[in-house]
Amino acid sequence: MCDLCSVNATRLSRRGLVLGGAALAGMSMMAPGTAWSQDTPQNAISPDAALQRLMEGNARYAANTSANNDYSAGRAARVNAQYPIAAILSCADARVAPELAFDQGPGDLFVVRVAGNFLNNDGLASFEYAVKYLNAPLLMVLGHSNCGAVGAAIKVIKDGATLPGHLQDMIRDIKPAVETAEKSKPADLLSASIAENVRQAAHRLETASPILTDYVGSGKVKVVGAQYDLATGKIALL
Ligand SMILES: [Zn+2]
């Protein structure tokens with residue numbers, strides 16, 4: 001933790017930023033959204049401003065007009081610090097890649113991924129770190145349509161199936177969302193469970209004491225739930 005803390009407690013000095021900029025001499029422009037050459041960290045913005053930047057990026061991605069494609073831009077400046085504008089809990093599904101889906105570059109997003117995008121204590125610690133030491137202003141739980149992990153949890157509950165290896169552990173953490181979704185007898189249990197799973201993780205982030213609840217309560221940090229649509233690439237807030 002010490003290495004991580006020291007990196008994130010250290011703000012790049014003005015001189016360091018200038019030198020970082022010099023290392024990039026000859027580059028005509030920074031990648032969109034990356035503000036590594038400025039004195040103010042790029043994530044010193046409001047939660048709403050961060051969310052707007054993500055949603056605008058998703059609009060570009062869905063329209064196949066992504067702008068973040070120069071991955072070496074700002075690389076030298078990124079060596080010493082990171083300033084993510086958002087921390088995102090996403091499914092490990094290969095079709096859902098937050099950096100791509102939000103058209104953000106390296107250093108822009110702090111991403112925690114696990115199949116079924118559920119939140120356990122390990123994931124929670126990562127979010128606490130992102131908020132307390134990296135100053136991320138926005139936390140997002142990102143589910144997606146047709147999630148296989150949530151579908152598996154439904155199958156286990158409905159059929160009493162037992163999955164091999166450690167897969168049962170994953171099911172255990174998704175099960176509460178499916179059980180809650182079931183109570184309203186939805187026409188589409190999978191969709192309802194996916195949305196409920198996002199809501200439950202977002203609620204846990206919002207109410208996680210002592211670190212996150214303090215930041216959320218003061219308005220410095222906002223938690224949102226969202227869903228990625230595999231068919232369109234569009235992300236909608238829940
Ligand atoms: Zn999934």
# chains A, B, ... in the order shown; residues from 1 in each chain; ligands from 1

call {"tool": "residues_near_ligand", "arguments": {"ligand": "ligand 1", "cutoff": "9 Å", "atoms": "only C-alpha atoms and all ligand atoms", "output": "ChimeraX atom specification"}}
result
/A:90-96,114-117,143-151,194

call {"tool": "residues_around", "arguments": {"residues": "A:Ala87", "least_positions_apart": "3", "cutoff": "10 Å", "atoms": "only C-alpha atoms", "output": "list of chain:residue names"}}
result
A:Pro84, A:Ser90, A:Asp108, A:Leu109, A:Phe110, A:Val111, A:Val112, A:Ser126, A:Phe127, A:Glu128, A:Tyr129, A:Ala130, A:Val131, A:Leu134, A:Asn135, A:Ala136, A:Pro137, A:Leu138, A:Leu139, A:Met140, A:Val141, A:Val223

call {"tool": "residues_around", "arguments": {"residues": "A:Gly233", "least_positions_apart": "5", "cutoff": "9 Å", "atoms": "only C-alpha atoms", "output": "PyMOL selection string"}}
result
chain A and resi 58-59+61-63+96+101+228

call {"tool": "write_last_selection", "arguments": {"atoms": "C-alpha atoms", "output": "PDB file, in the first residue's frame"}}
result
ATOM      1  CA  ASN A  58     -19.873   6.840 -25.119  1.00  0.00           C
ATOM      2  CA  ALA A  59     -21.786   8.783 -27.752  1.00  0.00           C
ATOM      3  CA  TYR A  61     -17.931   5.238 -29.271  1.00  0.00           C
ATOM      4  CA  ALA A  62     -21.447   4.216 -30.262  1.00  0.00           C
ATOM      5  CA  ALA A  63     -21.196   6.383 -33.380  1.00  0.00           C
ATOM      6  CA  VAL A  96     -17.612  -4.611 -22.339  1.00  0.00           C
ATOM      7  CA  ALA A 101     -16.995   2.228 -24.396  1.00  0.00           C
ATOM      8  CA  TYR A 228     -24.090  -1.141 -21.503  1.00  0.00           C
TER       9      TYR A 228
END

call {"tool": "closest_residue", "arguments": {"among": "A:Val178, A:Leu167, A:Leu124, A:Leu237", "to": "A:Thr207", "atoms": "only C-alpha atoms"}}
result
A:Leu124

call {"tool": "residues_around", "arguments": {"residues": "A:Ile154", "least_positions_apart": "5", "cutoff": "9 Å", "atoms": "only C-alpha atoms", "output": "list in words"}}
result
Ala149, Asp159, Ile171, Lys175, Val178, Glu179, Leu189, Leu190 and Ser193 of chain A
